[in-house]
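Step one of this worksheet: look at the structure below.
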Amino acid sequence: MSTDTSAADPATAAPTATGPATTGPGTDGPTGPGRGAGRSWPSRLLGRAPQLILVAWALVVAVPLAWILMSSLKTNAEIYRSPFGPPGQLRPDVYARAWAESNIGAFFVNTVVVVAGGVLLTMTLSAMTAYVMARYPFPGSRALYWLYLAGMTFPVFLAIVPLVRIVQALGLFATPMGLILVYAAFSLPFSIFFLTAFFRTLPEELSEAAFLDGAGHFGVFFRIMLPLARPGLISIGVFNFLGQWNQFLLPQVLNPQQDQERSNFVLSQGLVALALGENYETSPTSIAQLFAGLIISMVPVLVVYIVFQRQVQSGLTAGALR
Amino acid sequence: MHQRGRWPLILTFLAPGLILYTVFVLSSFAQGVQISFTNWTGFTPTLEYVGLDNYLRLFRDGAWWRAVSHNAVLLIVIPVLTLGLAMLFAALITRGGAGNLRAMPGAELYRVLFFFPQVVPVVIIGIMFSYLYASRGGLLQGVLQMLGTDLLTLVPNGPLGNPDTILLAIALASVWSSVGFYMVLFLSAMGGVPTELYEAAALDGAGRMRSFFHVTLPLIWTHAQTALIYLGIGTLDSYALIAVMAMTGTAGDFGADVMSTYLYRTAFSFSSQFGYAAAMGTVMMLASVALALVTFRLTRREEMQY
């Protein structure tokens, strides 16, 4: 990566503090070395244009998110009065009420269960399959490759109608286990291809040495290859976590409402139901509770994003260049 | 490699994944095609075949063609805006591509911030934008009122309530979420361009603009093509954003139906016309495969050597 050297510039580190009007002199930090000295102001402005455009997009990205965060502490009346005004008082209880009253807590727990199970199953099965595809050439491995490639190419909409029938026939309809199995099944192809490429990059010498020491095929996998593959497993784990946390269509079809409280919903379903029901204004802070729900659902994603910064960007872009 | 005892490992390692994949993915795809030739509604245990009836009906269905045309609009608007902005930001951050020589101050911060929307769940983005666009208390309305005008005079019924603007309003939410992703993709492609080329270009007196258009852009062009196809397939299959943002729709067809939302309602909200919906799914699959074949053709193209 080429941009690692430049840590946060103090001038750009606080893009949200001021409005888009950062054209004032000197707010922008020093730009081109030695350039622009003694030139007329239009050409100096032009020299700053790149930084201004980037700051503008930084605002476009950050302001809506900051606005949701601020509005999650306001009453409906305050939001309607002015979208910019700060909350009249600090209302941390909105979050408590969103968690309990709006049932975000139940949706959150359901999502954690389903995604944890889904990611774990995906990683286990894809690591085993990828290891064989990378290191154990056998007659028919080519056919297997094409089978998994098909699953990556075809749209999920082709499968969605029969999928309901299959999941019902197995007695897994509207259960966490049903979602876990389906999430994992649809996550397999990409994970397998990613990990196969990763296992191929690992050195042969270590496993050869272990074989000479009398280790079996299983022992070599679990004791040598799996620990070596850690970076690849983390990347693909993060990728699947983000993808499965994001799921909406599959739960909508396979996990419909079962009771009054929608206690079986995952977050994406629950938030949409809340947004639809918002028109009834059930409480004076109903919008804030919805916004609090959005923030709560974003927190795990934000944490993973910050902790696994490098893996997120490399893993996700690998998906595009597959 | 050690030949003894290979097969127990191969079989135990492949079988669980393959069983799961066959039961839920492969058999679903196969049955999807099969059901498209029936008039199944989910209530009968057996399938009654009707030949190509569903496909002929689809061909004459005005609502389907409307949905297809909306897909086509999105397929143009979203990639043009997303990739255009992503390329612009990548060029600005690396000052024309020569990032190793002259990286923009704050480059790392922009990279981290711009990429973030890509990992935010789509449903959250949809709900957030619905409130940004709201005529009462929305952020856009607030900005416009500061400028002395009103959202509802500019766009009667609001961006999401107006059939003329709803698609564009949804497309902008999609652009917002993925510009940073494609920017990072272009940045890593630019990182692969050797610095000597920029030094040579600078010696020849080329400025940032010239070295971007004559060195960077030609060298990362294959990446741009791949990004285009990837984004194209994603746009073709997009569902959640439209389902969330168009749910308060103005007309019976929600004003912004695309193939996926029309399929969803045909199967799960109207009268469970599973056979008809499966035909739509099969057509969508054919469209995806066509796009994927284009990808293979493009990526097999001889790459520029450097």
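Residue names in the structure tokens use chain letters A, B, ... in the order shown, residue numbers from 1 in each chain, and ligand numbers from 1 in the order shown.
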**Asked** So which residues touch B:Leu85 within 9 Å, counting only C-alpha atoms, skipping near sequence neighbours fewer than 3 positions away, as number ranges by chain?
**Response** B: 80-82, 88-90, 175, 179-180, 183
Just to be explicit: take each residue in the selection above, keep N, CA and C atoms, and write the result as an mmCIF file, in the first residue's frame.
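Ended up saving to out34.cif:
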```
data_model
loop_
_atom_site.group_PDB
_atom_site.id
_atom_site.type_symbol
_atom_site.label_atom_id
_atom_site.label_comp_id
_atom_site.auth_asym_id
_atom_site.auth_seq_id
_atom_site.Cartn_x
_atom_site.Cartn_y
_atom_site.Cartn_z
ATOM 1 N N VAL B 80 -21.927 4.633 -13.552
ATOM 2 C CA VAL B 80 -21.311 5.877 -14.034
ATOM 3 C C VAL B 80 -20.947 6.775 -12.860
ATOM 4 N N LEU B 81 -21.915 7.003 -11.951
ATOM 5 C CA LEU B 81 -21.642 7.890 -10.814
ATOM 6 C C LEU B 81 -20.617 7.274 -9.864
ATOM 7 N N THR B 82 -20.811 5.996 -9.526
ATOM 8 C CA THR B 82 -19.937 5.360 -8.531
ATOM 9 C C THR B 82 -18.497 5.300 -9.022
ATOM 10 N N LEU B 88 -12.177 9.598 -9.530
ATOM 11 C CA LEU B 88 -11.779 10.977 -9.213
ATOM 12 C C LEU B 88 -11.078 11.044 -7.856
ATOM 13 N N PHE B 89 -11.695 10.436 -6.831
ATOM 14 C CA PHE B 89 -11.120 10.511 -5.484
ATOM 15 C C PHE B 89 -9.771 9.784 -5.438
ATOM 16 N N ALA B 90 -9.693 8.631 -6.108
ATOM 17 C CA ALA B 90 -8.428 7.891 -6.110
ATOM 18 C C ALA B 90 -7.334 8.725 -6.766
ATOM 19 N N VAL B 175 -24.824 4.801 -4.490
ATOM 20 C CA VAL B 175 -23.538 5.426 -4.811
ATOM 21 C C VAL B 175 -22.813 5.797 -3.516
ATOM 22 N N VAL B 179 -18.907 4.102 -3.231
ATOM 23 C CA VAL B 179 -17.816 4.876 -3.837
ATOM 24 C C VAL B 179 -16.474 4.545 -3.188
ATOM 25 N N GLY B 180 -16.442 4.518 -1.843
ATOM 26 C CA GLY B 180 -15.190 4.294 -1.131
ATOM 27 C C GLY B 180 -14.593 2.929 -1.434
ATOM 28 N N MET B 183 -13.025 3.125 -4.736
ATOM 29 C CA MET B 183 -11.838 3.967 -4.630
ATOM 30 C C MET B 183 -10.660 3.146 -4.097
#
```
Open item on the list: With 7 Å as the limit and counting only C-alpha atoms, what residues in chain B lie close to chain A? Please list them as a ChimeraX atom specification.
Closed with: /B:6,9-10,13-14,16-17,20-21,24-25,28-29,31-32,89,92,99-100,103,105-110,113-114,119-124,136-139,142,185,188,191,226-227,230,237,240,244,274,278,281-282,285,288-289
Can you measure atom CA of A:Gln289 to atom CA of A:Pro92 for me? One decimal in Å is fine.
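It comes out at 10.6 Å.
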Residues within 9 Å of B:Leu75, please, as a short mmCIF file (atom, residue, chain, number, x, y, z; two decimals) with N, CA and C atoms, in the first residue's frame. Count only C-alpha atoms; anything in the same chain fewer than 6 positions from it doesn't count.
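Generated file (around_23.cif):
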```cif
data_model
loop_
_atom_site.label_atom_id
_atom_site.label_comp_id
_atom_site.auth_asym_id
_atom_site.auth_seq_id
_atom_site.Cartn_x
_atom_site.Cartn_y
_atom_site.Cartn_z
N LEU B 231 -19.88 -4.36 -10.39
CA LEU B 231 -20.93 -3.44 -9.97
C LEU B 231 -22.21 -3.69 -10.78
N GLY B 232 -22.04 -4.05 -12.06
CA GLY B 232 -23.19 -4.32 -12.91
C GLY B 232 -23.99 -5.51 -12.39
N ILE B 233 -23.30 -6.59 -12.05
CA ILE B 233 -23.99 -7.79 -11.53
C ILE B 233 -24.65 -7.44 -10.20
N THR B 235 -25.76 -4.57 -9.25
CA THR B 235 -26.92 -3.72 -9.50
C THR B 235 -28.09 -4.55 -10.03
N LEU B 236 -27.77 -5.52 -10.86
CA LEU B 236 -28.79 -6.40 -11.43
C LEU B 236 -29.53 -7.16 -10.32
#
```
Test item, helix (DSSP H, G or I) assignment across stretch 92-131 of chain B, answer as an NGL selection string:
:B and (92-93 or 99-102 or 107-119 or 122-131)
Store the residues picked out above in a file with C-alpha atoms, as a PDB file, in the first residue's frame.
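Saved to part-v7.pdb:
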```pdb
ATOM      1  CA  LEU B  92      -6.944  13.169  -6.110  1.00  0.00           C
ATOM      2  CA  ILE B  93      -5.627  11.185  -3.157  1.00  0.00           C
ATOM      3  CA  GLY B  99       1.012   8.119  -4.741  1.00  0.00           C
ATOM      4  CA  ASN B 100       4.449   6.950  -3.721  1.00  0.00           C
ATOM      5  CA  LEU B 101       5.936  10.252  -4.751  1.00  0.00           C
ATOM      6  CA  ARG B 102       3.331  12.760  -3.669  1.00  0.00           C
ATOM      7  CA  ALA B 107      -4.828  10.109   2.527  1.00  0.00           C
ATOM      8  CA  GLU B 108      -5.146   7.326   5.088  1.00  0.00           C
ATOM      9  CA  LEU B 109      -7.997   9.095   6.867  1.00  0.00           C
ATOM     10  CA  TYR B 110      -9.955   9.546   3.623  1.00  0.00           C
ATOM     11  CA  ARG B 111      -9.397   5.905   2.796  1.00  0.00           C
ATOM     12  CA  VAL B 112     -10.768   4.677   6.121  1.00  0.00           C
ATOM     13  CA  LEU B 113     -13.707   7.087   6.182  1.00  0.00           C
ATOM     14  CA  PHE B 114     -14.790   6.728   2.545  1.00  0.00           C
ATOM     15  CA  PHE B 115     -14.729   2.924   2.727  1.00  0.00           C
ATOM     16  CA  PHE B 116     -16.868   2.675   5.857  1.00  0.00           C
ATOM     17  CA  PRO B 117     -20.346   2.924   4.204  1.00  0.00           C
ATOM     18  CA  GLN B 118     -19.548  -0.254   2.273  1.00  0.00           C
ATOM     19  CA  VAL B 119     -19.665  -2.284   5.489  1.00  0.00           C
ATOM     20  CA  VAL B 122     -27.830  -2.100   3.377  1.00  0.00           C
ATOM     21  CA  VAL B 123     -31.062  -2.036   5.378  1.00  0.00           C
ATOM     22  CA  ILE B 124     -29.584   0.618   7.682  1.00  0.00           C
ATOM     23  CA  ILE B 125     -28.527   2.704   4.682  1.00  0.00           C
ATOM     24  CA  GLY B 126     -32.027   2.437   3.227  1.00  0.00           C
ATOM     25  CA  ILE B 127     -33.739   3.552   6.432  1.00  0.00           C
ATOM     26  CA  MET B 128     -31.199   6.325   6.980  1.00  0.00           C
ATOM     27  CA  PHE B 129     -31.685   7.750   3.498  1.00  0.00           C
ATOM     28  CA  SER B 130     -35.471   7.533   3.842  1.00  0.00           C
ATOM     29  CA  TYR B 131     -35.133   9.928   6.783  1.00  0.00           C
TER      30      TYR B 131
END
```
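Summary of the local environment: counting only C-alpha atoms, residues at most 8 Å from stretch 151-164 of chain B, other than itself and those fewer than 6 positions away along its chain, are Ser130, Tyr133, Ala134, Ser135, Leu140, Gln141, Leu144, Gln145, Ile170, Met245, Ala246, Thr248, Gly249, Thr250, Gly255 and Ala256 of chain B.
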Within 8 Å of A:Thr111 using only C-alpha atoms, minus same-chain residues under 2 positions, as a PyMOL selection string: chain A and resi 107-109+113-115+245+266-267
Counting only C-alpha atoms, which residues of stretch 27-99 of chain B fall within 9 Å of stretch 259-263 of chain B, and what is the closest atom pair for each with its distance in Å at one decimal, ordered by chain and rising number, as a Markdown table?
```
| residue | atom | partner | partner_atom | distance |
| --- | --- | --- | --- | --- |
| B:Ala63 | CA | B:Tyr262 | CA | 8.2 |
| B:Trp64 | CA | B:Met259 | CA | 6.9 |
| B:Trp65 | CA | B:Met259 | CA | 8.7 |
| B:Arg66 | CA | B:Met259 | CA | 8.9 |
| B:Ala67 | CA | B:Met259 | CA | 5.3 |
| B:Val68 | CA | B:Met259 | CA | 6.0 |
| B:His70 | CA | B:Met259 | CA | 8.4 |
| B:Asn71 | CA | B:Met259 | CA | 7.0 |
```
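Separating atom CA of A:Gly219 from atom CA of A:Ala134 is a distance of 16.8 Å.
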Within 10 Å of B:Ala91 using only C-alpha atoms, minus same-chain residues under 4 positions, as a PDB file with N, CA and C atoms, in the first residue's frame:
```pdb
ATOM      1  N   PRO A  50      -8.332  19.884  -5.064  1.00  0.00           N
ATOM      2  CA  PRO A  50      -8.376  18.454  -4.711  1.00  0.00           C
ATOM      3  C   PRO A  50      -8.714  18.228  -3.247  1.00  0.00           C
TER       4      PRO A  50
ATOM      5  N   LEU B  85     -16.873   8.885  -9.568  1.00  0.00           N
ATOM      6  CA  LEU B  85     -16.431   9.513  -8.317  1.00  0.00           C
ATOM      7  C   LEU B  85     -15.261   8.741  -7.712  1.00  0.00           C
ATOM      8  N   ALA B  86     -15.327   7.415  -7.744  1.00  0.00           N
ATOM      9  CA  ALA B  86     -14.261   6.613  -7.142  1.00  0.00           C
ATOM     10  C   ALA B  86     -12.931   6.885  -7.836  1.00  0.00           C
ATOM     11  N   MET B  87     -12.979   6.966  -9.166  1.00  0.00           N
ATOM     12  CA  MET B  87     -11.755   7.233  -9.922  1.00  0.00           C
ATOM     13  C   MET B  87     -11.242   8.638  -9.610  1.00  0.00           C
ATOM     14  N   ARG B  95      -2.673  12.061  -6.155  1.00  0.00           N
ATOM     15  CA  ARG B  95      -2.164  13.132  -7.023  1.00  0.00           C
ATOM     16  C   ARG B  95      -1.839  12.595  -8.402  1.00  0.00           C
ATOM     17  N   GLY B  96      -2.845  12.059  -9.046  1.00  0.00           N
ATOM     18  CA  GLY B  96      -2.667  11.607 -10.418  1.00  0.00           C
ATOM     19  C   GLY B  96      -2.143  10.192 -10.534  1.00  0.00           C
ATOM     20  N   GLY B  97      -1.990   9.510  -9.420  1.00  0.00           N
ATOM     21  CA  GLY B  97      -1.551   8.123  -9.477  1.00  0.00           C
ATOM     22  C   GLY B  97      -0.172   7.929  -8.896  1.00  0.00           C
ATOM     23  N   ALA B  98       0.602   9.003  -8.807  1.00  0.00           N
ATOM     24  CA  ALA B  98       1.970   8.859  -8.314  1.00  0.00           C
ATOM     25  C   ALA B  98       1.993   8.921  -6.802  1.00  0.00           C
ATOM     26  N   GLY B  99       1.190   8.056  -6.184  1.00  0.00           N
ATOM     27  CA  GLY B  99       1.012   8.119  -4.741  1.00  0.00           C
ATOM     28  C   GLY B  99       2.291   7.980  -3.960  1.00  0.00           C
ATOM     29  N   MET B 104      -1.402  12.666  -1.000  1.00  0.00           N
ATOM     30  CA  MET B 104      -2.158  13.769  -0.412  1.00  0.00           C
ATOM     31  C   MET B 104      -2.096  13.695   1.114  1.00  0.00           C
ATOM     32  N   MET B 183     -13.025   3.125  -4.736  1.00  0.00           N
ATOM     33  CA  MET B 183     -11.838   3.967  -4.630  1.00  0.00           C
ATOM     34  C   MET B 183     -10.660   3.146  -4.097  1.00  0.00           C
ATOM     35  N   PHE B 186      -9.315   0.953  -6.787  1.00  0.00           N
ATOM     36  CA  PHE B 186      -8.475   1.679  -7.739  1.00  0.00           C
ATOM     37  C   PHE B 186      -7.144   2.065  -7.091  1.00  0.00           C
ATOM     38  N   LEU B 187      -7.182   2.421  -5.803  1.00  0.00           N
ATOM     39  CA  LEU B 187      -5.941   2.792  -5.126  1.00  0.00           C
ATOM     40  C   LEU B 187      -4.968   1.626  -5.119  1.00  0.00           C
ATOM     41  N   MET B 190      -3.520   1.263  -8.463  1.00  0.00           N
ATOM     42  CA  MET B 190      -2.514   2.299  -8.734  1.00  0.00           C
ATOM     43  C   MET B 190      -1.210   2.011  -8.001  1.00  0.00           C
ATOM     44  N   ARG B 208       0.357  16.574 -13.242  1.00  0.00           N
ATOM     45  CA  ARG B 208      -0.462  15.524 -12.631  1.00  0.00           C
ATOM     46  C   ARG B 208      -1.558  15.038 -13.562  1.00  0.00           C
ATOM     47  N   MET B 209      -2.240  16.000 -14.206  1.00  0.00           N
ATOM     48  CA  MET B 209      -3.331  15.640 -15.113  1.00  0.00           C
ATOM     49  C   MET B 209      -2.826  14.706 -16.204  1.00  0.00           C
ATOM     50  N   PHE B 212      -1.825  11.349 -15.039  1.00  0.00           N
ATOM     51  CA  PHE B 212      -2.987  10.505 -14.726  1.00  0.00           C
ATOM     52  C   PHE B 212      -3.578   9.919 -16.002  1.00  0.00           C
ATOM     53  N   PHE B 213      -3.820  10.768 -16.993  1.00  0.00           N
ATOM     54  CA  PHE B 213      -4.515  10.286 -18.189  1.00  0.00           C
ATOM     55  C   PHE B 213      -3.622   9.434 -19.087  1.00  0.00           C
ATOM     56  N   THR B 216      -1.440   6.510 -15.548  1.00  0.00           N
ATOM     57  CA  THR B 216      -2.254   5.762 -14.601  1.00  0.00           C
ATOM     58  C   THR B 216      -3.435   5.068 -15.275  1.00  0.00           C
ATOM     59  N   LEU B 217      -4.262   5.874 -15.944  1.00  0.00           N
ATOM     60  CA  LEU B 217      -5.527   5.348 -16.454  1.00  0.00           C
ATOM     61  C   LEU B 217      -5.327   4.158 -17.398  1.00  0.00           C
TER      62      LEU B 217
END
```
